Amino acid sequence: MSAALPLLLFVEDDLPFVRLVVQALADVYALESVTSLRQALTRLREARYYAGILLDVNLPDSRGLSTLLAVLRHARGIPLLVLTGEDSTVMEYAADYIILAKPDINWTTFPAQVQAFLTAYAASRGQDD
C-alpha cells in the first residue's frame, strides 16, 4: 500500500483551469477543490490538515486583496500559493506565499514549483516535509 499523497486545498472557480491543475499535480498531490471563498473558509475552519493552499484571488463571492486577507486570517500557517491572472495588488503581502500568474504557468515544471515552494516554506518554519 502506498502512502497517501499530501492534500492541498485548491480555491478556484475556473473549472477548465481546475482540471489542468489537478492533472498536472495528480502524481504528487491530492487536491480538494472549492469554487468560492465561503467554501474555502468553511474547509479551513473544519481544521482539516492541508499541506498547502492554491488560491485564485478573484472568486464569485470575493475579489482581490479581500480574498487574500480572508484566507490568510484562516490559514493558520498553511503555505499559500496564489494563482492569479490579473491582480497585482496582492504583491505587497507576499511574505509567506508566492504568486504565479496563470498565463505564465509552465505545466511541465509546475509540480516541481509547487513542491519546491512547500518544501522551502516548511524548512523556513523548521518543519518536516
# chains A, B, ... in the order shown; residues from 1 in each chain; ligands from 1

call {"tool": "residues_around", "arguments": {"residues": "Val21 in chain A", "least_positions_apart": "4", "cutoff": "10 Å", "atoms": "only C-alpha atoms", "output": "PyMOL selection string"}}
result
chain A and resi 10+15-17+25-26+31+54+107+110-111

call {"tool": "write_last_selection", "arguments": {"atoms": "N, CA, C and O atoms", "output": "short mmCIF file (atom, residue, chain, number, x, y, z; two decimals), in the first residue's frame"}}
result
data_model
loop_
_atom_site.label_atom_id
_atom_site.label_comp_id
_atom_site.auth_asym_id
_atom_site.auth_seq_id
_atom_site.Cartn_x
_atom_site.Cartn_y
_atom_site.Cartn_z
N PHE A 10 -7.58 23.66 -2.99
CA PHE A 10 -7.50 24.42 -4.24
C PHE A 10 -8.75 25.27 -4.36
O PHE A 10 -9.86 24.75 -4.48
N LEU A 15 -13.37 26.09 -13.86
CA LEU A 15 -13.32 24.62 -13.87
C LEU A 15 -12.36 24.03 -14.89
O LEU A 15 -11.68 23.05 -14.59
N PRO A 16 -12.24 24.58 -16.11
CA PRO A 16 -11.21 24.06 -17.02
C PRO A 16 -9.79 24.21 -16.44
O PRO A 16 -8.96 23.32 -16.60
N PHE A 17 -9.53 25.32 -15.75
CA PHE A 17 -8.23 25.51 -15.12
C PHE A 17 -8.05 24.52 -13.97
O PHE A 17 -6.95 23.97 -13.78
N LEU A 25 -0.83 17.97 -11.14
CA LEU A 25 -0.34 17.62 -9.81
C LEU A 25 -0.73 16.21 -9.35
O LEU A 25 -0.37 15.80 -8.24
N ALA A 26 -1.42 15.47 -10.18
CA ALA A 26 -2.00 14.17 -9.78
C ALA A 26 -0.99 13.18 -9.22
O ALA A 26 -1.34 12.38 -8.36
N LEU A 31 -5.89 16.89 -4.38
CA LEU A 31 -6.46 18.24 -4.29
C LEU A 31 -7.92 18.17 -3.87
O LEU A 31 -8.68 17.35 -4.39
N LEU A 54 -3.75 26.43 -2.74
CA LEU A 54 -3.63 27.08 -4.04
C LEU A 54 -4.83 28.00 -4.16
O LEU A 54 -5.97 27.54 -4.04
N TRP A 107 3.41 23.99 -17.51
CA TRP A 107 2.79 22.80 -16.94
C TRP A 107 3.80 21.67 -16.72
O TRP A 107 3.58 20.80 -15.89
N PHE A 110 5.45 22.93 -13.35
CA PHE A 110 4.52 23.36 -12.30
C PHE A 110 4.55 22.46 -11.06
O PHE A 110 4.66 22.97 -9.93
N PRO A 111 4.48 21.12 -11.20
CA PRO A 111 4.54 20.29 -9.98
C PRO A 111 5.81 20.52 -9.17
O PRO A 111 5.76 20.60 -7.94
#

call {"tool": "select_by_dssp", "arguments": {"residues": "range 14-86 of chain A", "states": "alpha helix (DSSP H)", "output": "ChimeraX atom specification"}}
result
/A:15-25,37-45,65-74

call {"tool": "residues_around", "arguments": {"residues": "Asp14 in chain A", "least_positions_apart": "5", "cutoff": "12 Å", "atoms": "only C-alpha atoms", "output": "PDB file with all heavy atoms, in the first residue's frame"}}
result
ATOM      1  N   ARG A  19      -9.208  21.522 -13.822  1.00  0.00           N
ATOM      2  CA  ARG A  19      -8.843  20.234 -14.435  1.00  0.00           C
ATOM      3  C   ARG A  19      -7.371  20.199 -14.827  1.00  0.00           C
ATOM      4  O   ARG A  19      -6.699  19.182 -14.638  1.00  0.00           O
ATOM      5  CB  ARG A  19      -9.750  19.930 -15.628  1.00  0.00           C
ATOM      6  CG  ARG A  19     -11.153  19.500 -15.204  1.00  0.00           C
ATOM      7  CD  ARG A  19     -11.976  18.990 -16.367  1.00  0.00           C
ATOM      8  NE  ARG A  19     -12.362  20.035 -17.306  1.00  0.00           N
ATOM      9  CZ  ARG A  19     -13.430  20.823 -17.159  1.00  0.00           C
ATOM     10  NH1 ARG A  19     -14.214  20.687 -16.121  1.00  0.00           N
ATOM     11  NH2 ARG A  19     -13.712  21.729 -18.056  1.00  0.00           N
ATOM     12  N   LEU A  20      -6.854  21.294 -15.369  1.00  0.00           N
ATOM     13  CA  LEU A  20      -5.439  21.354 -15.753  1.00  0.00           C
ATOM     14  C   LEU A  20      -4.529  21.179 -14.534  1.00  0.00           C
ATOM     15  O   LEU A  20      -3.550  20.430 -14.575  1.00  0.00           O
ATOM     16  CB  LEU A  20      -5.118  22.690 -16.427  1.00  0.00           C
ATOM     17  CG  LEU A  20      -5.613  22.889 -17.849  1.00  0.00           C
ATOM     18  CD1 LEU A  20      -5.383  24.338 -18.292  1.00  0.00           C
ATOM     19  CD2 LEU A  20      -4.918  21.931 -18.796  1.00  0.00           C
ATOM     20  N   VAL A  21      -4.854  21.876 -13.462  1.00  0.00           N
ATOM     21  CA  VAL A  21      -4.022  21.807 -12.255  1.00  0.00           C
ATOM     22  C   VAL A  21      -4.098  20.422 -11.630  1.00  0.00           C
ATOM     23  O   VAL A  21      -3.076  19.845 -11.243  1.00  0.00           O
ATOM     24  CB  VAL A  21      -4.422  22.909 -11.251  1.00  0.00           C
ATOM     25  CG1 VAL A  21      -3.728  22.705  -9.912  1.00  0.00           C
ATOM     26  CG2 VAL A  21      -4.095  24.286 -11.820  1.00  0.00           C
ATOM     27  N   SER A  33     -10.949  20.605  -4.087  1.00  0.00           N
ATOM     28  CA  SER A  33     -11.249  21.813  -4.828  1.00  0.00           C
ATOM     29  C   SER A  33     -12.569  22.435  -4.374  1.00  0.00           C
ATOM     30  O   SER A  33     -13.561  21.731  -4.196  1.00  0.00           O
ATOM     31  CB  SER A  33     -11.319  21.475  -6.325  1.00  0.00           C
ATOM     32  OG  SER A  33     -11.590  22.630  -7.068  1.00  0.00           O
ATOM     33  N   VAL A  34     -12.550  23.752  -4.170  1.00  0.00           N
ATOM     34  CA  VAL A  34     -13.756  24.520  -3.875  1.00  0.00           C
ATOM     35  C   VAL A  34     -13.784  25.722  -4.810  1.00  0.00           C
ATOM     36  O   VAL A  34     -12.747  26.131  -5.334  1.00  0.00           O
ATOM     37  CB  VAL A  34     -13.815  24.968  -2.399  1.00  0.00           C
ATOM     38  CG1 VAL A  34     -13.881  23.758  -1.469  1.00  0.00           C
ATOM     39  CG2 VAL A  34     -12.651  25.864  -2.029  1.00  0.00           C
ATOM     40  N   THR A  35     -14.967  26.289  -5.017  1.00  0.00           N
ATOM     41  CA  THR A  35     -15.110  27.343  -6.018  1.00  0.00           C
ATOM     42  C   THR A  35     -15.444  28.720  -5.450  1.00  0.00           C
ATOM     43  O   THR A  35     -15.686  29.645  -6.211  1.00  0.00           O
ATOM     44  CB  THR A  35     -16.201  26.957  -7.037  1.00  0.00           C
ATOM     45  OG1 THR A  35     -17.440  26.763  -6.340  1.00  0.00           O
ATOM     46  CG2 THR A  35     -15.825  25.700  -7.808  1.00  0.00           C
ATOM     47  N   SER A  36     -15.453  28.858  -4.128  1.00  0.00           N
ATOM     48  CA  SER A  36     -15.776  30.163  -3.547  1.00  0.00           C
ATOM     49  C   SER A  36     -14.986  30.387  -2.260  1.00  0.00           C
ATOM     50  O   SER A  36     -14.501  29.434  -1.638  1.00  0.00           O
ATOM     51  CB  SER A  36     -17.281  30.251  -3.237  1.00  0.00           C
ATOM     52  OG  SER A  36     -17.607  29.399  -2.151  1.00  0.00           O
ATOM     53  N   LEU A  55      -4.613  29.282  -4.375  1.00  0.00           N
ATOM     54  CA  LEU A  55      -5.700  30.257  -4.296  1.00  0.00           C
ATOM     55  C   LEU A  55      -5.754  31.162  -5.515  1.00  0.00           C
ATOM     56  O   LEU A  55      -4.759  31.790  -5.875  1.00  0.00           O
ATOM     57  CB  LEU A  55      -5.508  31.125  -3.036  1.00  0.00           C
ATOM     58  CG  LEU A  55      -6.474  32.278  -2.836  1.00  0.00           C
ATOM     59  CD1 LEU A  55      -7.886  31.764  -2.554  1.00  0.00           C
ATOM     60  CD2 LEU A  55      -5.991  33.188  -1.713  1.00  0.00           C
ATOM     61  N   ASP A  56      -6.936  31.235  -6.095  1.00  0.00           N
ATOM     62  CA  ASP A  56      -7.246  32.284  -7.068  1.00  0.00           C
ATOM     63  C   ASP A  56      -7.905  33.394  -6.259  1.00  0.00           C
ATOM     64  O   ASP A  56      -8.869  33.135  -5.528  1.00  0.00           O
ATOM     65  CB  ASP A  56      -8.205  31.758  -8.136  1.00  0.00           C
ATOM     66  CG  ASP A  56      -8.640  32.832  -9.123  1.00  0.00           C
ATOM     67  OD1 ASP A  56      -8.067  33.937  -9.126  1.00  0.00           O
ATOM     68  OD2 ASP A  56      -9.571  32.570  -9.899  1.00  0.00           O
ATOM     69  N   VAL A  57      -7.415  34.607  -6.339  1.00  0.00           N
ATOM     70  CA  VAL A  57      -7.953  35.680  -5.509  1.00  0.00           C
ATOM     71  C   VAL A  57      -9.217  36.310  -6.087  1.00  0.00           C
ATOM     72  O   VAL A  57      -9.866  37.110  -5.415  1.00  0.00           O
ATOM     73  CB  VAL A  57      -6.897  36.777  -5.222  1.00  0.00           C
ATOM     74  CG1 VAL A  57      -5.780  36.214  -4.358  1.00  0.00           C
ATOM     75  CG2 VAL A  57      -6.372  37.397  -6.491  1.00  0.00           C
ATOM     76  N   ASN A  58      -9.578  35.974  -7.307  1.00  0.00           N
ATOM     77  CA  ASN A  58     -10.795  36.519  -7.910  1.00  0.00           C
ATOM     78  C   ASN A  58     -11.841  35.421  -8.028  1.00  0.00           C
ATOM     79  O   ASN A  58     -11.786  34.578  -8.920  1.00  0.00           O
ATOM     80  CB  ASN A  58     -10.477  37.143  -9.266  1.00  0.00           C
ATOM     81  CG  ASN A  58      -9.593  38.359  -9.107  1.00  0.00           C
ATOM     82  OD1 ASN A  58      -9.849  39.212  -8.268  1.00  0.00           O
ATOM     83  ND2 ASN A  58      -8.538  38.444  -9.891  1.00  0.00           N
ATOM     84  N   LEU A  59     -12.785  35.446  -7.087  1.00  0.00           N
ATOM     85  CA  LEU A  59     -13.801  34.413  -6.964  1.00  0.00           C
ATOM     86  C   LEU A  59     -15.190  35.037  -7.071  1.00  0.00           C
ATOM     87  O   LEU A  59     -15.326  36.255  -6.965  1.00  0.00           O
ATOM     88  CB  LEU A  59     -13.639  33.703  -5.613  1.00  0.00           C
ATOM     89  CG  LEU A  59     -12.292  33.015  -5.403  1.00  0.00           C
ATOM     90  CD1 LEU A  59     -12.102  32.656  -3.935  1.00  0.00           C
ATOM     91  CD2 LEU A  59     -12.188  31.783  -6.288  1.00  0.00           C
ATOM     92  N   PRO A  60     -16.222  34.220  -7.239  1.00  0.00           N
ATOM     93  CA  PRO A  60     -17.574  34.778  -7.370  1.00  0.00           C
ATOM     94  C   PRO A  60     -18.024  35.597  -6.157  1.00  0.00           C
ATOM     95  O   PRO A  60     -18.755  36.569  -6.311  1.00  0.00           O
ATOM     96  CB  PRO A  60     -18.463  33.546  -7.536  1.00  0.00           C
ATOM     97  CG  PRO A  60     -17.566  32.481  -8.047  1.00  0.00           C
ATOM     98  CD  PRO A  60     -16.209  32.776  -7.456  1.00  0.00           C
ATOM     99  N   LEU A  83      -2.489  31.786  -7.289  1.00  0.00           N
ATOM    100  CA  LEU A  83      -2.535  31.635  -8.742  1.00  0.00           C
ATOM    101  C   LEU A  83      -3.520  32.666  -9.259  1.00  0.00           C
ATOM    102  O   LEU A  83      -4.703  32.603  -8.944  1.00  0.00           O
ATOM    103  CB  LEU A  83      -3.016  30.230  -9.132  1.00  0.00           C
ATOM    104  CG  LEU A  83      -2.226  29.060  -8.558  1.00  0.00           C
ATOM    105  CD1 LEU A  83      -2.926  27.751  -8.864  1.00  0.00           C
ATOM    106  CD2 LEU A  83      -0.829  29.056  -9.116  1.00  0.00           C
ATOM    107  N   THR A  84      -3.045  33.613 -10.009  1.00  0.00           N
ATOM    108  CA  THR A  84      -3.949  34.660 -10.470  1.00  0.00           C
ATOM    109  C   THR A  84      -3.582  35.087 -11.878  1.00  0.00           C
ATOM    110  O   THR A  84      -2.450  34.925 -12.305  1.00  0.00           O
ATOM    111  CB  THR A  84      -3.947  35.865  -9.511  1.00  0.00           C
ATOM    112  OG1 THR A  84      -4.958  36.776  -9.914  1.00  0.00           O
ATOM    113  CG2 THR A  84      -2.597  36.546  -9.477  1.00  0.00           C
ATOM    114  N   GLY A  85      -4.538  35.608 -12.565  1.00  0.00           N
ATOM    115  CA  GLY A  85      -4.285  36.072 -13.916  1.00  0.00           C
ATOM    116  C   GLY A  85      -4.156  37.572 -14.002  1.00  0.00           C
ATOM    117  O   GLY A  85      -3.748  38.109 -15.012  1.00  0.00           O
ATOM    118  N   LYS A 102      -1.332  32.890 -13.914  1.00  0.00           N
ATOM    119  CA  LYS A 102      -1.889  31.770 -14.673  1.00  0.00           C
ATOM    120  C   LYS A 102      -1.344  31.691 -16.102  1.00  0.00           C
ATOM    121  O   LYS A 102      -0.988  30.606 -16.544  1.00  0.00           O
ATOM    122  CB  LYS A 102      -3.414  31.845 -14.698  1.00  0.00           C
ATOM    123  CG  LYS A 102      -4.057  31.525 -13.387  1.00  0.00           C
ATOM    124  CD  LYS A 102      -5.568  31.651 -13.521  1.00  0.00           C
ATOM    125  CE  LYS A 102      -6.275  31.425 -12.219  1.00  0.00           C
ATOM    126  NZ  LYS A 102      -7.717  31.593 -12.352  1.00  0.00           N
TER     127      LYS A 102
END

call {"tool": "select_by_dssp", "arguments": {"residues": "chain A", "states": "strand (DSSP E or B)", "output": "PyMOL selection string"}}
result
chain A and resi 7-11+30-34+52-55+58-59+62-63+80-84+97-101

call {"tool": "closest_residue", "arguments": {"among": "A:Glu32, A:Asp61, A:Glu46, A:Asp104", "to": "Leu8 in chain A", "atoms": "only C-alpha atoms"}}
result
A:Glu32

call {"tool": "atom_distance", "arguments": {"atom1": "CA of Thr67 in chain A", "atom2": "CA of Ala40 in chain A"}}
result
10.2 Å

call {"tool": "atom_distance", "arguments": {"atom1": "CA of Tyr50 in chain A", "atom2": "CA of Leu7 in chain A"}}
result
5.2 Å

call {"tool": "closest_residue", "arguments": {"among": "A:Arg48, A:Val28, A:Leu72, A:Arg43", "to": "Ala116 in chain A", "atoms": "only C-alpha atoms"}}
result
A:Val28

call {"tool": "closest_residue", "arguments": {"among": "A:Ala51, A:Ala122, A:Ala112, A:Glu12", "to": "Val82 in chain A", "atoms": "only C-alpha atoms"}}
result
A:Glu12

call {"tool": "atom_distance", "arguments": {"atom1": "CA of Leu65 in chain A", "atom2": "CA of Gln115 in chain A"}}
result
24.9 Å
